[in-house]
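S.K.: Dropping in coords.txt, which is compact mmCIF, C-alpha atoms and all ligand atoms:
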```txt
# COMPACT_ATOMS: atom_id res chain seq x y z
CA LEU H 1010 -28.11 37.58 -114.19
CA PHE H 1011 -26.80 41.04 -113.47
CA ALA H 1012 -26.42 42.23 -117.02
CA ARG H 1013 -29.82 43.89 -117.09
CA PRO H 1014 -31.59 46.09 -114.57
CA TRP H 1015 -33.65 44.35 -111.91
CA ASP H 1016 -37.32 45.03 -111.36
CA PHE H 1017 -39.16 45.85 -108.19
CA VAL H 1018 -41.85 43.26 -107.40
CA THR H 1019 -43.56 44.15 -104.14
CA SER H 1020 -43.16 45.19 -100.51
CA ILE H 1021 -44.92 43.32 -97.75
CA ALA H 1022 -45.38 43.87 -94.03
CA ASP H 1023 -47.55 40.82 -93.54
CA MET H 1024 -46.95 37.19 -94.48
CA ARG H 1025 -50.43 37.00 -96.05
CA GLN H 1026 -49.15 39.32 -98.79
CA LEU H 1027 -46.22 37.07 -99.76
CA PRO H 1028 -45.79 36.77 -103.52
CA ALA H 1029 -45.91 33.29 -105.09
CA SER H 1030 -42.74 31.36 -104.41
CA ASP H 1031 -41.72 30.38 -107.91
CA GLY H 1032 -38.02 30.27 -108.62
CA LEU H 1033 -35.20 30.69 -106.16
CA GLU H 1034 -34.94 33.37 -103.58
CA ILE H 1035 -32.00 34.95 -101.79
CA ALA H 1036 -32.27 37.57 -99.08
CA LEU H 1037 -30.08 40.31 -97.64
CA ALA H 1038 -30.19 41.19 -93.97
CA GLY H 1039 -28.25 43.49 -91.66
CA ARG H 1040 -28.31 46.25 -89.08
CA SER H 1041 -29.71 49.57 -90.18
CA ASN H 1042 -27.03 51.69 -91.86
CA VAL H 1043 -24.88 48.63 -92.65
CA GLY H 1044 -24.94 49.66 -96.34
CA LYS H 1045 -27.60 47.22 -97.52
CA SER H 1046 -29.41 49.60 -99.87
CA SER H 1047 -26.11 50.77 -101.35
CA LEU H 1048 -25.04 47.16 -101.92
CA ILE H 1049 -28.35 46.17 -103.55
CA ASN H 1050 -28.15 49.19 -105.82
CA ALA H 1051 -24.50 48.48 -106.69
CA LEU H 1052 -25.21 44.79 -107.33
CA THR H 1053 -28.22 45.32 -109.52
CA GLY H 1054 -26.95 48.40 -111.30
CA ARG H 1055 -30.10 50.32 -110.43
CA ARG H 1056 -29.46 53.44 -108.52
CA ASP H 1057 -32.62 53.68 -106.54
CA LEU H 1058 -33.97 50.16 -106.48
CA ALA H 1059 -33.51 49.93 -102.76
CA ARG H 1060 -33.90 53.35 -101.28
CA THR H 1061 -30.92 54.37 -99.19
CA SER H 1062 -32.86 55.34 -96.15
CA ASN H 1063 -32.04 57.78 -93.43
CA THR H 1064 -35.36 57.23 -91.74
CA PRO H 1065 -35.01 54.56 -89.08
CA GLY H 1066 -38.30 53.34 -87.71
CA ARG H 1067 -40.18 53.41 -90.98
CA THR H 1068 -42.65 50.65 -91.63
CA GLN H 1069 -40.74 47.40 -91.64
CA MET H 1070 -41.18 45.65 -94.93
CA LEU H 1071 -39.72 42.83 -96.93
CA ASN H 1072 -38.93 44.22 -100.38
CA PHE H 1073 -38.87 41.84 -103.35
CA PHE H 1074 -36.87 42.38 -106.55
CA THR H 1075 -36.34 40.15 -109.54
CA ALA H 1076 -33.87 39.81 -112.38
CA PRO H 1077 -35.80 39.61 -115.63
CA GLU H 1078 -36.30 36.03 -116.89
CA SER H 1079 -33.87 34.59 -114.33
CA GLY H 1080 -36.28 32.95 -111.93
CA LEU H 1081 -34.32 34.61 -109.13
CA THR H 1082 -35.86 36.87 -106.52
CA LEU H 1083 -33.84 39.05 -104.18
CA VAL H 1084 -35.39 40.03 -100.88
CA ASP H 1085 -34.34 43.12 -98.98
CA MET H 1086 -35.07 42.38 -95.33
CA PRO H 1087 -35.88 45.20 -92.93
CA GLY H 1088 -32.83 46.57 -91.10
CA TYR H 1089 -32.51 45.90 -87.40
CA GLY H 1090 -30.63 47.30 -84.43
CA TYR H 1091 -31.90 50.87 -84.27
CA ALA H 1092 -30.50 52.37 -81.09
CA GLU H 1093 -33.88 53.42 -79.80
CA ALA H 1094 -36.16 50.81 -81.28
CA PRO H 1095 -39.04 50.15 -78.89
CA LYS H 1096 -39.47 46.52 -77.85
CA ALA H 1097 -42.76 46.25 -79.76
CA MET H 1098 -40.94 47.15 -82.98
CA VAL H 1099 -38.22 44.57 -82.35
CA ASP H 1100 -40.91 41.96 -81.68
CA THR H 1101 -42.72 42.85 -84.92
CA TRP H 1102 -39.44 42.58 -86.82
CA THR H 1103 -38.64 39.21 -85.27
CA ALA H 1104 -42.12 37.81 -85.96
CA LEU H 1105 -42.15 38.92 -89.61
CA VAL H 1106 -38.58 37.80 -90.31
CA PHE H 1107 -38.89 34.47 -88.53
CA SER H 1108 -42.17 33.55 -90.21
CA TYR H 1109 -40.65 34.49 -93.55
CA LEU H 1110 -37.51 32.40 -92.87
CA ARG H 1111 -39.53 29.43 -91.71
CA GLY H 1112 -42.18 29.62 -94.40
CA ARG H 1113 -40.14 30.10 -97.55
CA PRO H 1114 -39.01 26.78 -99.03
CA ASN H 1115 -37.45 28.46 -102.08
CA LEU H 1116 -35.23 30.70 -99.92
CA ARG H 1117 -31.78 29.43 -100.75
CA ARG H 1118 -29.49 31.68 -98.74
CA VAL H 1119 -29.42 34.81 -96.63
CA PHE H 1120 -26.50 37.17 -97.05
CA LEU H 1121 -25.89 38.71 -93.65
CA LEU H 1122 -24.29 42.11 -94.02
CA ILE H 1123 -21.79 43.22 -91.38
CA ASP H 1124 -20.18 46.67 -91.29
CA SER H 1125 -16.39 46.19 -91.53
CA ARG H 1126 -15.83 48.93 -88.97
CA HIS H 1127 -18.02 47.27 -86.34
CA GLY H 1128 -17.83 43.52 -86.87
CA ILE H 1129 -20.50 41.19 -85.49
CA LYS H 1130 -22.61 42.83 -82.77
CA ALA H 1131 -25.06 41.39 -80.24
CA ASN H 1132 -28.07 41.95 -82.50
CA ASP H 1133 -26.28 40.27 -85.40
CA LEU H 1134 -25.84 37.24 -83.14
CA GLU H 1135 -29.57 37.33 -82.39
CA THR H 1136 -30.29 37.31 -86.11
CA MET H 1137 -27.87 34.39 -86.55
CA GLN H 1138 -29.80 32.58 -83.84
CA LEU H 1139 -33.04 33.07 -85.81
CA LEU H 1140 -31.36 31.82 -88.97
CA ASP H 1141 -29.90 28.79 -87.20
CA LYS H 1142 -33.31 28.03 -85.70
CA ALA H 1143 -35.00 28.35 -89.09
CA ALA H 1144 -32.19 26.26 -90.64
CA VAL H 1145 -31.59 28.79 -93.41
CA VAL H 1146 -28.00 28.94 -94.65
CA TYR H 1147 -26.46 32.38 -94.21
CA GLN H 1148 -23.25 33.89 -95.48
CA VAL H 1149 -21.50 36.94 -94.06
CA VAL H 1150 -20.83 39.86 -96.38
CA LEU H 1151 -18.58 42.55 -94.93
CA THR H 1152 -19.59 46.01 -96.15
CA LYS H 1153 -17.67 49.30 -96.40
CA ALA H 1154 -14.34 47.43 -96.70
CA ASP H 1155 -12.83 50.70 -97.98
CA LYS H 1156 -13.23 52.13 -94.47
CA ILE H 1157 -10.63 49.93 -92.76
CA LYS H 1158 -6.95 49.13 -93.29
CA THR H 1159 -5.57 45.79 -94.50
CA GLY H 1160 -4.34 44.77 -91.03
CA GLN H 1161 -7.71 45.52 -89.48
CA MET H 1162 -9.44 43.57 -92.23
CA SER H 1163 -7.33 40.49 -91.62
CA ARG H 1164 -8.11 40.60 -87.87
CA LEU H 1165 -11.79 41.10 -88.64
CA LEU H 1166 -11.80 38.10 -91.01
CA ASP H 1167 -10.21 35.91 -88.30
CA ALA H 1168 -12.62 37.05 -85.59
CA THR H 1169 -15.63 36.60 -87.89
CA ALA H 1170 -14.54 33.14 -89.02
CA GLU H 1171 -14.13 32.14 -85.37
CA ILE H 1172 -17.73 33.12 -84.61
CA LEU H 1173 -19.09 31.42 -87.73
CA ARG H 1174 -17.35 28.15 -86.90
CA LYS H 1175 -19.69 27.66 -83.95
CA ARG H 1176 -22.91 28.41 -85.86
CA PRO H 1177 -24.76 25.47 -87.36
CA ALA H 1178 -26.27 27.16 -90.43
CA ALA H 1179 -23.41 29.56 -91.22
CA TYR H 1180 -21.64 29.25 -94.55
CA PRO H 1181 -17.89 29.58 -93.92
CA MET H 1182 -16.83 31.80 -96.83
CA ILE H 1183 -16.81 35.50 -95.95
CA ILE H 1184 -17.14 38.08 -98.72
CA GLU H 1185 -15.52 41.53 -98.44
CA THR H 1186 -17.28 44.32 -100.30
CA SER H 1187 -17.31 48.03 -100.85
CA SER H 1188 -20.24 49.47 -102.78
CA GLU H 1189 -18.43 52.75 -102.96
CA LYS H 1190 -15.28 51.32 -104.56
CA GLY H 1191 -17.00 48.46 -106.38
CA LEU H 1192 -14.94 45.95 -104.40
CA GLY H 1193 -16.04 42.32 -104.11
CA LEU H 1194 -19.23 42.85 -106.09
CA ASP H 1195 -18.10 40.35 -108.74
CA VAL H 1196 -17.42 37.76 -106.01
CA LEU H 1197 -20.87 38.28 -104.52
CA ARG H 1198 -22.53 38.17 -107.96
CA ALA H 1199 -20.71 34.90 -108.73
CA GLU H 1200 -21.78 33.45 -105.38
CA ILE H 1201 -25.42 34.34 -106.15
CA ALA H 1202 -25.17 33.04 -109.72
CA ASN H 1203 -23.84 29.73 -108.33
CA LEU H 1204 -27.04 29.25 -106.37
CA VAL H 1205 -29.27 29.57 -109.42
P1 LIG U 1 -28.79 50.69 -95.13
O1 LIG U 1 -29.47 51.44 -94.01
O2 LIG U 1 -28.24 49.40 -94.65
O3 LIG U 1 -29.62 50.54 -96.36
O4 LIG U 1 -27.48 51.55 -95.49
P2 LIG U 1 -27.23 52.55 -96.71
O5 LIG U 1 -26.99 51.83 -97.96
O6 LIG U 1 -28.30 53.60 -96.68
O7 LIG U 1 -25.83 53.17 -96.26
C1 LIG U 1 -25.63 53.77 -95.00
C2 LIG U 1 -24.49 54.78 -95.08
O8 LIG U 1 -23.26 54.10 -95.36
C3 LIG U 1 -24.66 55.79 -96.20
O9 LIG U 1 -24.19 57.04 -95.74
C4 LIG U 1 -23.77 55.25 -97.32
O10 LIG U 1 -23.28 56.26 -98.15
C5 LIG U 1 -22.65 54.60 -96.54
N1 LIG U 1 -22.06 53.47 -97.29
C6 LIG U 1 -22.72 52.44 -97.85
N2 LIG U 1 -21.86 51.59 -98.48
C7 LIG U 1 -20.62 52.12 -98.32
C8 LIG U 1 -19.30 51.70 -98.75
O11 LIG U 1 -19.08 50.68 -99.41
N3 LIG U 1 -18.27 52.49 -98.37
C9 LIG U 1 -18.45 53.62 -97.62
N4 LIG U 1 -17.36 54.32 -97.29
N5 LIG U 1 -19.67 54.05 -97.23
C10 LIG U 1 -20.75 53.31 -97.57
```
Show me the file's structure as structure tokens.
M.R.:
Amino acid sequence: LFARPWDFVTSIADMRQLPASDGLEIALAGRSNVGKSSLINALTGRRDLARTSNTPGRTQMLNFFTAPESGLTLVDMPGYGYAEAPKAMVDTWTALVFSYLRGRPNLRRVFLLIDSRHGIKANDLETMQLLDKAAVVYQVVLTKADKIKTGQMSRLLDATAEILRKRPAAYPMIIETSSEKGLGLDVLRAEIANLV
């Protein structure tokens, strides 16, 4: 699945542009700057597949990638939680994401990225609420694990597990990753491969 470089399929800002839903789909979501682009690039072995973006507020798009001949599509969901996002932008994000979550029968799981330094924030909880409402299974992936110490990580894992226990669509296993150090990528790849 990850042995060969992935291909870019399309970017959409409107549900009418959705590509055909053949094969399974998984999606990655998270706050802006959580390390989503870095993780997608590390996972797929393509350096600039998902552009690491320093431009918050750009057009919010769902980006589709595929592994050649695998029947698997990976969807990069637009980042959320910009400090100064106007309400209209948040509403647009919510509408696009929710209609995608609700209208995608082949969407198997959403990996919800959480920055290890910050843990789950209010807007992550709002995203979890959307996922619970859409009944799409989501799994937490902690990013930038290299940034915190072992003791902090074990407290973070406990606190995160406690939150997930109360969420109907949350998958209990938490994955720790660092794109920078290559940590946990094999675990995440195996988790994805298991879904196919
Ligand atoms: P995105 O906005 O979610 O796509 O986040 P990016 O992938 O652009 O990353 C945001 C910032 O976090 C960049 O400065 C990255 O270099 C940094 N970053 C991403 N992953 C890691 C990681 O695993 N470890 C560390 N230390 N920094 C990371």
S.K.: Please produce, as a Markdown table, a per-residue contact table for chain H versus ligand LIG 1 (chain U) (criterion: any atom at most 9 Å away, only C-alpha atoms and all ligand atoms considered), showing the nearest atom pair and its distance in Å to one decimal, sorted by chain then residue number.
M.R.:
```
| residue | atom | partner | partner_atom | distance |
| --- | --- | --- | --- | --- |
| H:Ala1038 | CA | U:LIG1 | O2 | 8.5 |
| H:Gly1039 | CA | U:LIG1 | O2 | 6.6 |
| H:Arg1040 | CA | U:LIG1 | O2 | 6.4 |
| H:Ser1041 | CA | U:LIG1 | O1 | 4.3 |
| H:Asn1042 | CA | U:LIG1 | O1 | 3.3 |
| H:Val1043 | CA | U:LIG1 | O2 | 4.0 |
| H:Gly1044 | CA | U:LIG1 | O4 | 3.3 |
| H:Lys1045 | CA | U:LIG1 | O2 | 3.7 |
| H:Ser1046 | CA | U:LIG1 | O3 | 3.6 |
| H:Ser1047 | CA | U:LIG1 | O5 | 3.7 |
| H:Leu1048 | CA | U:LIG1 | O5 | 6.4 |
| H:Ile1049 | CA | U:LIG1 | O5 | 8.1 |
| H:Asn1050 | CA | U:LIG1 | O5 | 8.4 |
| H:Ala1059 | CA | U:LIG1 | O3 | 7.5 |
| H:Arg1060 | CA | U:LIG1 | O3 | 7.1 |
| H:Thr1061 | CA | U:LIG1 | O6 | 3.7 |
| H:Ser1062 | CA | U:LIG1 | O6 | 4.9 |
| H:Asn1063 | CA | U:LIG1 | O6 | 6.5 |
| H:Thr1064 | CA | U:LIG1 | O1 | 8.6 |
| H:Pro1065 | CA | U:LIG1 | O1 | 8.0 |
| H:Pro1087 | CA | U:LIG1 | O2 | 8.9 |
| H:Gly1088 | CA | U:LIG1 | O2 | 6.5 |
| H:Leu1122 | CA | U:LIG1 | O2 | 8.3 |
| H:Asp1124 | CA | U:LIG1 | N2 | 8.9 |
| H:Thr1152 | CA | U:LIG1 | O11 | 5.7 |
| H:Lys1153 | CA | U:LIG1 | O11 | 3.6 |
| H:Ala1154 | CA | U:LIG1 | O11 | 6.4 |
| H:Asp1155 | CA | U:LIG1 | N3 | 5.7 |
| H:Lys1156 | CA | U:LIG1 | N4 | 5.5 |
| H:Thr1186 | CA | U:LIG1 | O11 | 6.7 |
| H:Ser1187 | CA | U:LIG1 | O11 | 3.5 |
| H:Ser1188 | CA | U:LIG1 | O11 | 3.8 |
| H:Glu1189 | CA | U:LIG1 | O11 | 4.2 |
| H:Lys1190 | CA | U:LIG1 | O11 | 6.4 |
| H:Gly1191 | CA | U:LIG1 | O11 | 7.6 |
| H:Leu1192 | CA | U:LIG1 | O11 | 8.0 |
```
S.K.: Around (-30.6, 35.5, -83.9) in the file's frame, which residues reach within 12 Å when counting all atoms listed in the file? Return as number ranges by chain?
M.R.: H: 1038-1039, 1089-1090, 1099, 1102-1104, 1106-1107, 1110, 1121, 1129-1145, 1147, 1176, 1178-1179
S.K.: Ranking H:Met1098, H:Val1149, H:Met1024, H:Ala1012 by minimum distance to Pro1077 of chain H and counting only C-alpha atoms, which one comes first?
M.R.: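 Distance minimum relative to Pro1077 of chain H lands on H:Ala1012.
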S.K.: Of the residues H:Phe1073, H:Phe1120, H:Tyr1109, H:Tyr1180, which is the one nearest to Leu1037 of chain H, using all atoms listed in the file?
M.R.: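 When distances to Leu1037 of chain H are compared using all atoms listed in the file, the smallest one comes from H:Phe1120.
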S.K.: One number please: atom CA of Asn1072 of chain H to atom CA of Ala1094 of chain H, in Å, one decimal.
M.R.: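 A separation of 20.4 Å between them.
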S.K.: So, with all atoms listed in the file as the atoms that count, which of H:Thr1159, H:Thr1101, H:Ser1125, H:Gln1148 lies closest to Met1182 of chain H?
M.R.: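 Among H:Thr1159, H:Thr1101, H:Ser1125, H:Gln1148, it is H:Gln1148 that comes nearest to Met1182 of chain H.
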S.K.: Quick one: distance from atom CA of Gly1054 of chain H to atom CA of Phe1074 of chain H in Å, one decimal?
M.R.: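 Spanning atom CA of Gly1054 of chain H to atom CA of Phe1074 of chain H is a straight-line distance of 12.5 Å.
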S.K.: So the first atom is atom CA of Met1162 of chain H and the second is atom CA of Gly1193 of chain H; what is the distance between them in Å, to one decimal place?
M.R.: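 Separation of atom CA of Met1162 of chain H and atom CA of Gly1193 of chain H: 13.6 Å.
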S.K.: Ranking H:Lys1096, H:Val1146, H:Ser1108, H:Leu1165 by minimum distance to Gly1128 of chain H and counting only C-alpha atoms, which one comes first?
M.R.: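 Using only C-alpha atoms, the shortest distance to Gly1128 of chain H belongs to H:Leu1165.
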S.K.: Determine, counting only C-alpha atoms, which protein, DNA and RNA residues have an atom within 12 Å of an atom of Leu1204 of chain H; residues of the same chain fewer than 2 positions away are not included. Present the result as a list in words.
M.R.: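 Final neighbour list, sorted by chain and number: Leu1010, Gly1032, Leu1033, Glu1034, Ile1035, Ser1079, Gly1080, Leu1081, Thr1082, Asn1115, Leu1116, Arg1117, Arg1118, Val1119, Val1146, Leu1197, Arg1198, Ala1199, Glu1200, Ile1201 and Ala1202 of chain H.
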S.K.: Would you please work out which residue, of H:Leu1027, H:Ile1157, H:Ala1097, H:Val1084, is nearest to Arg1126 of chain H when using all atoms listed in the file?
M.R.: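 Using all atoms listed in the file, the shortest distance to Arg1126 of chain H belongs to H:Ile1157.
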